[in-house]
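Below you'll find the structure, written out as structure tokens, and then a few comments.
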Amino acid sequence: MAEVEEVRRAKELSKYSILSKPNVVGVGYGYKEKAGRRTTELSVVALVRVKLPKSSLAPDELVPATFDGVSTDVVQVGEIRALQVRTDRWRPAPGGVSIGHYQITAGTLGTAVRDVASGQRLILSNNHVLANSNDAQLGDAILQPGPIDGGHADSDTLATLERFIPIQFTNEPSDCGVAKRVADGANFVARLLASRSKLVPIREDPAAINQVDAALARPADDGDLLNEILDIGEVSGTVEPTLDMAVRKSGRTTAFTTGQITVLEATIDVNYGESRKARFEGQIVAGPMSQGGDSGSLLVAGDSLQAVGLLYAGSNQATIFNPIGEVLAALGIEL
């Protein structure tokens with residue numbers, strides 16, 4: 001087994017050769033990993049953006065199995081950059097950072113996608129993040145960072161609202177004139193009687209059903225949008241969710257978190273505030289792995305760079321996702 005000085009010498013002799021290979025971002029030494037477990041064998045370690053299968057690399061792109069008699073190892077570390085807070089202004093902007101319609105607080109930039117019809121690169125997130133829960137107009141300013149994180153329309157507009165899937169609410173404030181007049185009269189009497197209660201007219205539609213909370217924004221400058229997601233990398237393709245599947249996400253508030261799928265094909269009632277509720281069918285449920293502001297994060301398989309779902313709701317005990325296949329089909333996009 002190689003001694004420390006022997007490994008250090010091999011590292012110094014090989015580092016420039018290894019660093020010249022595409023995908024490599026660093027070289028050092030450490031304990032070699034085999035089958036996901038750390039051994040006691042010292043090795044020269046190549047740090048790569050994404051660990052790729054050998055079959056996808058040309059011979060001159062491979063890190064040699066040994067160098068000067070010392071074993072090598074390859075470890076994925078992602079794109080290394082000077083650290084920024086996810087609520088900062090990012091240009092170009094990756095997935096996992098603060099974003100939002102100019103009239104909301106903030107959510108998460110999920111990932112870059114491509115319009116199937118036009119080929120245009122677009123930003124994927126939630127309706128309630130990019131389209132203000134149906135209350136936006138196409139072409140509205142999308143800020144990065146979101147307004148609550150200091151984003152301003154005059155200096156931080158990353159994109160404009162391209163399109164969204166309307167949310168069908170089972171309960172929401174009513175705009176019916178008759179109901180408003182009845183409520184106004186009742187509230188006037190309540191005030192005279194010093195009541196602290198208030199009557200609010202509500203429109204109900206028990207048959208309203210949703211599959212996705214999703215929207216797209218078009219970047220003002222295509223170069224201002226990265227394909228990669230912070231701490232995950234560049235996602236390509238999708239995979240069907242399964243029970244007990246290990247998953248991960250990268251979001252504005254809780255950054256990189258992991259979890260496990262616990263329930264599939266769930267029917268969920270989601271509270272959108274201001275007396276608004278919406279029912280979703282066919283949803284994915286995982287354990288607690290998000291907080292407010294993480295909405296819009298892409299759910300990715302734990303063992304591959306494949307998308308599973310789109311985060312849009314949750315609690316302290318659970319996180320809820322739209323299946324990614326439903327999102328892509330509804331919006332006419334691909335990863």
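Order determines the names: the first chain of the structure tokens is A, the second B, and so forth; residues in each chain are numbered 1 upward, and ligands are numbered 1 upward as they are shown.
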Long-range neighbours of A:Lys34 as a PDB file with C-alpha atoms, in the first residue's frame, 12 Å cut-off, only C-alpha atoms, 6 positions minimum in chain:
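Output saved as out_11.pdb:
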ATOM      1  CA  THR A  40      -7.863   2.739   3.798  1.00  0.00           C
ATOM      2  CA  GLU A  41      -5.949   2.852   0.499  1.00  0.00           C
ATOM      3  CA  SER A  43      -4.885   7.406  -3.915  1.00  0.00           C
ATOM      4  CA  SER A  71      -3.980   4.106  -7.578  1.00  0.00           C
ATOM      5  CA  THR A  72      -6.264   6.925  -8.697  1.00  0.00           C
ATOM      6  CA  ASP A  73      -9.869   7.710  -7.825  1.00  0.00           C
ATOM      7  CA  VAL A  74     -12.518   9.957  -9.390  1.00  0.00           C
ATOM      8  CA  VAL A  75     -14.840  11.998  -7.152  1.00  0.00           C
TER       9      VAL A  75
END
Using 10 Å as the limit and counting only C-alpha atoms, can you tabulate each residue of stretch 23-122 of chain A that touches stretch 252-273 of chain A, with its shortest atom-to-atom distance in Å and the two atoms involved, as JSON lines?
{"residue": "A:Val85", "atom": "CA", "partner": "A:Arg252", "partner_atom": "CA", "distance": 8.9}
{"residue": "A:Arg86", "atom": "CA", "partner": "A:Arg252", "partner_atom": "CA", "distance": 5.5}
{"residue": "A:Thr87", "atom": "CA", "partner": "A:Arg252", "partner_atom": "CA", "distance": 6.6}
{"residue": "A:Asp88", "atom": "CA", "partner": "A:Arg252", "partner_atom": "CA", "distance": 9.9}
{"residue": "A:Gly95", "atom": "CA", "partner": "A:Arg252", "partner_atom": "CA", "distance": 9.1}
{"residue": "A:Gly96", "atom": "CA", "partner": "A:Arg252", "partner_atom": "CA", "distance": 5.6}
{"residue": "A:Val97", "atom": "CA", "partner": "A:Arg252", "partner_atom": "CA", "distance": 4.8}
{"residue": "A:Ser98", "atom": "CA", "partner": "A:Arg252", "partner_atom": "CA", "distance": 5.2}
{"residue": "A:Ile99", "atom": "CA", "partner": "A:Arg252", "partner_atom": "CA", "distance": 8.4}
{"residue": "A:Ala106", "atom": "CA", "partner": "A:Arg252", "partner_atom": "CA", "distance": 8.5}
{"residue": "A:Gly107", "atom": "CA", "partner": "A:Arg252", "partner_atom": "CA", "distance": 6.7}
{"residue": "A:Thr108", "atom": "CA", "partner": "A:Arg252", "partner_atom": "CA", "distance": 5.3}
{"residue": "A:Leu109", "atom": "CA", "partner": "A:Arg252", "partner_atom": "CA", "distance": 8.0}
{"residue": "A:Gly110", "atom": "CA", "partner": "A:Arg252", "partner_atom": "CA", "distance": 9.7}
Exercise: A:Asp303 partners within 8 Å, only C-alpha atoms, chain neighbours under 2 positions left out, as an mmCIF file with C-alpha atoms, in the first residue's frame:
data_model
loop_
_atom_site.group_PDB
_atom_site.id
_atom_site.type_symbol
_atom_site.label_atom_id
_atom_site.label_comp_id
_atom_site.auth_asym_id
_atom_site.auth_seq_id
_atom_site.Cartn_x
_atom_site.Cartn_y
_atom_site.Cartn_z
ATOM 1 C CA ALA A 246 -33.968 8.268 -2.819
ATOM 2 C CA VAL A 247 -34.350 11.816 -4.153
ATOM 3 C CA ALA A 301 -33.217 10.958 -8.479
ATOM 4 C CA LEU A 305 -29.080 13.014 -13.055
#
Give me the residues near A:Ile320 as an mmCIF file with C-alpha atoms, in the first residue's frame, where near means some atom within 12 Å (using only C-alpha atoms) and where sequence neighbours in that chain fewer than 4 positions away do not count.
data_model
loop_
_atom_site.group_PDB
_atom_site.id
_atom_site.type_symbol
_atom_site.label_atom_id
_atom_site.label_comp_id
_atom_site.auth_asym_id
_atom_site.auth_seq_id
_atom_site.Cartn_x
_atom_site.Cartn_y
_atom_site.Cartn_z
ATOM 1 C CA GLN A 211 -52.168 17.963 -12.077
ATOM 2 C CA VAL A 212 -49.450 20.640 -12.033
ATOM 3 C CA ASP A 213 -48.493 24.010 -10.575
ATOM 4 C CA GLY A 259 -35.301 12.595 1.010
ATOM 5 C CA GLN A 260 -37.275 9.501 0.123
ATOM 6 C CA ILE A 261 -40.560 9.057 -1.727
ATOM 7 C CA THR A 262 -43.213 7.778 0.684
ATOM 8 C CA VAL A 263 -46.525 8.058 -1.218
ATOM 9 C CA LEU A 264 -47.466 7.939 -4.919
ATOM 10 C CA GLU A 265 -50.575 8.986 -6.881
ATOM 11 C CA ALA A 266 -51.759 11.160 -4.000
ATOM 12 C CA THR A 267 -54.790 13.461 -4.107
ATOM 13 C CA ILE A 268 -53.799 16.568 -2.123
ATOM 14 C CA ASP A 269 -55.637 19.729 -1.027
ATOM 15 C CA VAL A 270 -53.184 22.649 -1.041
ATOM 16 C CA PHE A 280 -54.185 18.093 -7.086
ATOM 17 C CA GLU A 281 -54.272 14.486 -8.240
ATOM 18 C CA GLY A 282 -51.505 12.018 -9.046
ATOM 19 C CA GLN A 283 -48.937 13.721 -6.826
ATOM 20 C CA ILE A 284 -45.635 12.555 -5.302
ATOM 21 C CA VAL A 285 -45.098 12.788 -1.536
ATOM 22 C CA ALA A 286 -41.666 12.703 0.124
ATOM 23 C CA GLY A 287 -40.445 13.404 3.627
ATOM 24 C CA PRO A 288 -39.632 16.885 4.975
ATOM 25 C CA MET A 289 -37.008 18.369 2.635
ATOM 26 C CA SER A 290 -38.197 21.947 1.970
ATOM 27 C CA GLN A 291 -39.461 25.221 3.425
ATOM 28 C CA ASP A 294 -38.156 26.265 -2.171
ATOM 29 C CA SER A 295 -41.198 26.086 -4.476
ATOM 30 C CA GLY A 296 -40.102 25.494 -8.053
ATOM 31 C CA SER A 297 -37.158 23.240 -7.180
ATOM 32 C CA LEU A 298 -36.594 20.271 -9.464
ATOM 33 C CA LEU A 299 -36.778 16.856 -7.772
ATOM 34 C CA VAL A 308 -38.523 13.025 -11.028
ATOM 35 C CA GLY A 309 -40.817 15.923 -10.133
ATOM 36 C CA LEU A 310 -41.387 19.634 -9.499
ATOM 37 C CA LEU A 311 -41.655 20.844 -5.895
ATOM 38 C CA TYR A 312 -44.619 23.135 -5.204
ATOM 39 C CA ALA A 313 -45.993 22.539 -1.684
ATOM 40 C CA GLY A 314 -45.221 21.016 1.677
ATOM 41 C CA SER A 315 -45.268 21.186 5.449
ATOM 42 C CA ASN A 316 -42.895 20.459 8.315
#
Exercise. Smallest atom-to-atom distance to A:Asp149: which of A:Ser275, A:Gly293, A:Ala93, A:Phe67, using only C-alpha atoms?
Worked result: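 Looking only at the distances to A:Asp149, the closest residue turns out to be A:Gly293.
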For this session: Pick out the closest residue to A:Leu226 from this set: A:Glu240, A:Glu79, A:Asp115, A:Glu274. Count only C-alpha atoms.
Result: A:Glu79
Let's see if you can do this: from backbone DSSP, list all alpha helix (DSSP H) residues in stretch 6-170 of chain A, as a PDB file with N, CA and C atoms, in the first residue's frame.
ATOM      1  N   GLU A   6       4.789   8.896  -1.059  1.00  0.00           N
ATOM      2  CA  GLU A   6       4.738   8.322  -2.398  1.00  0.00           C
ATOM      3  C   GLU A   6       3.509   8.833  -3.155  1.00  0.00           C
ATOM      4  N   VAL A   7       2.366   8.934  -2.439  1.00  0.00           N
ATOM      5  CA  VAL A   7       1.125   9.407  -3.052  1.00  0.00           C
ATOM      6  C   VAL A   7       1.236  10.895  -3.386  1.00  0.00           C
ATOM      7  N   ARG A   8       1.809  11.651  -2.481  1.00  0.00           N
ATOM      8  CA  ARG A   8       1.974  13.090  -2.723  1.00  0.00           C
ATOM      9  C   ARG A   8       2.878  13.330  -3.937  1.00  0.00           C
ATOM     10  N   ARG A   9       3.939  12.527  -4.058  1.00  0.00           N
ATOM     11  CA  ARG A   9       4.831  12.672  -5.199  1.00  0.00           C
ATOM     12  C   ARG A   9       4.089  12.370  -6.496  1.00  0.00           C
ATOM     13  N   ALA A  10       3.290  11.281  -6.499  1.00  0.00           N
ATOM     14  CA  ALA A  10       2.529  10.912  -7.689  1.00  0.00           C
ATOM     15  C   ALA A  10       1.507  11.991  -8.052  1.00  0.00           C
ATOM     16  N   LYS A  11       0.911  12.583  -7.029  1.00  0.00           N
ATOM     17  CA  LYS A  11      -0.059  13.665  -7.261  1.00  0.00           C
ATOM     18  C   LYS A  11       0.596  14.861  -7.921  1.00  0.00           C
ATOM     19  N   GLU A  12       1.779  15.249  -7.448  1.00  0.00           N
ATOM     20  CA  GLU A  12       2.471  16.399  -8.013  1.00  0.00           C
ATOM     21  C   GLU A  12       2.899  16.137  -9.459  1.00  0.00           C
ATOM     22  N   LEU A  13       3.329  14.915  -9.724  1.00  0.00           N
ATOM     23  CA  LEU A  13       3.773  14.581 -11.077  1.00  0.00           C
ATOM     24  C   LEU A  13       2.611  14.496 -12.071  1.00  0.00           C
ATOM     25  N   SER A  14       1.429  14.136 -11.582  1.00  0.00           N
ATOM     26  CA  SER A  14       0.299  13.883 -12.484  1.00  0.00           C
ATOM     27  C   SER A  14      -0.707  15.026 -12.566  1.00  0.00           C
ATOM     28  N   LYS A  15      -0.614  16.021 -11.663  1.00  0.00           N
ATOM     29  CA  LYS A  15      -1.737  16.961 -11.536  1.00  0.00           C
ATOM     30  C   LYS A  15      -2.013  17.762 -12.805  1.00  0.00           C
ATOM     31  N   TYR A  16      -0.969  18.201 -13.498  1.00  0.00           N
ATOM     32  CA  TYR A  16      -1.224  19.018 -14.697  1.00  0.00           C
ATOM     33  C   TYR A  16      -1.786  18.174 -15.834  1.00  0.00           C
ATOM     34  N   SER A  17      -1.356  16.934 -15.915  1.00  0.00           N
ATOM     35  CA  SER A  17      -1.895  16.034 -16.926  1.00  0.00           C
ATOM     36  C   SER A  17      -3.372  15.749 -16.656  1.00  0.00           C
ATOM     37  N   ILE A  18      -3.702  15.503 -15.399  1.00  0.00           N
ATOM     38  CA  ILE A  18      -5.097  15.209 -15.041  1.00  0.00           C
ATOM     39  C   ILE A  18      -5.972  16.451 -15.187  1.00  0.00           C
ATOM     40  N   LEU A  19      -5.450  17.608 -14.770  1.00  0.00           N
ATOM     41  CA  LEU A  19      -6.225  18.847 -14.866  1.00  0.00           C
ATOM     42  C   LEU A  19      -6.522  19.245 -16.307  1.00  0.00           C
ATOM     43  N   ASN A 127     -46.331  27.979 -11.197  1.00  0.00           N
ATOM     44  CA  ASN A 127     -47.287  29.047 -11.477  1.00  0.00           C
ATOM     45  C   ASN A 127     -47.247  30.080 -10.357  1.00  0.00           C
ATOM     46  N   HIS A 128     -47.292  29.626  -9.102  1.00  0.00           N
ATOM     47  CA  HIS A 128     -47.366  30.605  -8.008  1.00  0.00           C
ATOM     48  C   HIS A 128     -46.048  31.355  -7.788  1.00  0.00           C
ATOM     49  N   VAL A 129     -44.977  30.904  -8.438  1.00  0.00           N
ATOM     50  CA  VAL A 129     -43.698  31.617  -8.374  1.00  0.00           C
ATOM     51  C   VAL A 129     -43.554  32.590  -9.550  1.00  0.00           C
ATOM     52  N   LEU A 130     -43.849  32.134 -10.753  1.00  0.00           N
ATOM     53  CA  LEU A 130     -43.647  32.955 -11.949  1.00  0.00           C
ATOM     54  C   LEU A 130     -44.907  33.691 -12.406  1.00  0.00           C
ATOM     55  N   ALA A 153     -37.234  45.475 -10.519  1.00  0.00           N
ATOM     56  CA  ALA A 153     -37.543  45.332 -11.940  1.00  0.00           C
ATOM     57  C   ALA A 153     -36.584  46.106 -12.829  1.00  0.00           C
ATOM     58  N   ASP A 154     -36.085  47.232 -12.365  1.00  0.00           N
ATOM     59  CA  ASP A 154     -35.222  48.061 -13.215  1.00  0.00           C
ATOM     60  C   ASP A 154     -33.799  47.517 -13.341  1.00  0.00           C
ATOM     61  N   SER A 155     -33.392  46.633 -12.425  1.00  0.00           N
ATOM     62  CA  SER A 155     -32.002  46.163 -12.466  1.00  0.00           C
ATOM     63  C   SER A 155     -31.852  44.647 -12.425  1.00  0.00           C
ATOM     64  N   ASP A 156     -32.894  43.915 -12.036  1.00  0.00           N
ATOM     65  CA  ASP A 156     -32.751  42.477 -11.807  1.00  0.00           C
ATOM     66  C   ASP A 156     -33.730  41.624 -12.604  1.00  0.00           C
TER      67      ASP A 156
END
Exercise. Do you have the atom CA of A:Ser125-atom CA of A:Leu52 distance handy?
Worked result: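 Distance reported for this atom pair: 27.6 Å.
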For this session: Extract the full set of strand (DSSP E or B) residues from stretch 87-249 of chain A according to DSSP on the backbone, and format it as a VMD selection string.
Result: chain A and resid 93 to 95 98 to 101 107 to 108 111 to 115 121 to 125 141 to 143 157 to 164 169 to 173 202 to 204 210 215 to 219 225 to 229 233 to 234 238 246 to 249
Would you output that residue set with C-alpha atoms, as a compact mmCIF listing (two decimals), in the first residue's frame?
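selection_3.txt written:
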# COMPACT_ATOMS: atom_id res chain seq x y z
CA ALA A 93 -28.29 32.02 -13.14
CA PRO A 94 -28.30 28.28 -12.31
CA GLY A 95 -31.18 26.22 -10.97
CA SER A 98 -34.05 32.85 -5.82
CA ILE A 99 -36.50 33.95 -8.51
CA GLY A 100 -40.02 35.32 -8.71
CA HIS A 101 -42.71 37.37 -10.41
CA GLY A 107 -39.42 31.00 -5.04
CA THR A 108 -36.82 28.84 -6.75
CA THR A 111 -34.00 24.40 -14.19
CA ALA A 112 -33.49 25.38 -17.80
CA VAL A 113 -35.78 23.58 -20.27
CA ARG A 114 -36.39 23.72 -24.01
CA ASP A 115 -39.63 24.50 -25.82
CA ARG A 121 -34.49 27.78 -23.80
CA LEU A 122 -36.84 28.69 -20.97
CA ILE A 123 -36.96 28.77 -17.16
CA LEU A 124 -39.13 26.21 -15.36
CA SER A 125 -40.73 26.93 -11.99
CA ALA A 141 -41.10 40.85 -15.31
CA ILE A 142 -39.46 37.86 -13.58
CA LEU A 143 -36.80 38.95 -11.12
CA THR A 157 -35.20 41.37 -14.50
CA LEU A 158 -33.85 38.03 -15.68
CA ALA A 159 -36.82 37.01 -17.82
CA THR A 160 -40.46 37.61 -18.71
CA LEU A 161 -43.44 35.34 -18.13
CA GLU A 162 -43.85 33.09 -21.18
CA ARG A 163 -46.83 30.90 -20.25
CA PHE A 164 -48.39 29.01 -17.35
CA PHE A 169 -59.21 26.55 -7.27
CA THR A 170 -61.84 24.62 -5.32
CA ASN A 171 -62.23 27.66 -3.04
CA GLU A 172 -61.32 31.28 -3.77
CA PRO A 173 -62.67 34.79 -3.07
CA ILE A 202 -66.19 32.57 -1.39
CA ARG A 203 -66.64 30.84 -4.73
CA GLU A 204 -66.63 27.04 -4.52
CA ASN A 210 -55.17 20.04 -11.07
CA ALA A 215 -45.00 28.00 -15.45
CA LEU A 216 -42.28 29.13 -17.85
CA ALA A 217 -40.29 32.33 -18.25
CA ARG A 218 -38.23 33.44 -21.25
CA PRO A 219 -34.77 34.81 -20.36
CA LEU A 225 -29.32 31.08 -17.90
CA LEU A 226 -27.23 28.03 -16.98
CA ASN A 227 -28.31 24.44 -17.63
CA GLU A 228 -26.90 23.18 -14.35
CA ILE A 229 -28.54 23.11 -10.91
CA GLY A 233 -25.33 19.39 -11.96
CA GLU A 234 -26.95 19.28 -15.37
CA THR A 238 -36.54 11.73 -16.56
CA ALA A 246 -33.97 8.27 -2.82
CA VAL A 247 -34.35 11.82 -4.15
CA ARG A 248 -32.70 15.24 -3.85
CA LYS A 249 -33.42 18.88 -4.62
Problem set entry | Nearest to A:Ala220, chosen from A:Pro22, A:Gly78, A:Pro92, A:Gly69, with only C-alpha atoms counted in the distances |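 Among the listed residues, A:Pro92 lies closest to A:Ala220.
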Exercise. Which is closest to A:Gln84 among A:Val50, A:Leu42, A:Leu230, A:Val70, if we use only C-alpha atoms?
Worked result: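 Using only C-alpha atoms, the shortest distance to A:Gln84 belongs to A:Leu230.
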Problem set entry | Separation of atom CA of A:Ser236 from atom CA of A:Leu335 in Å | 6.0 Å
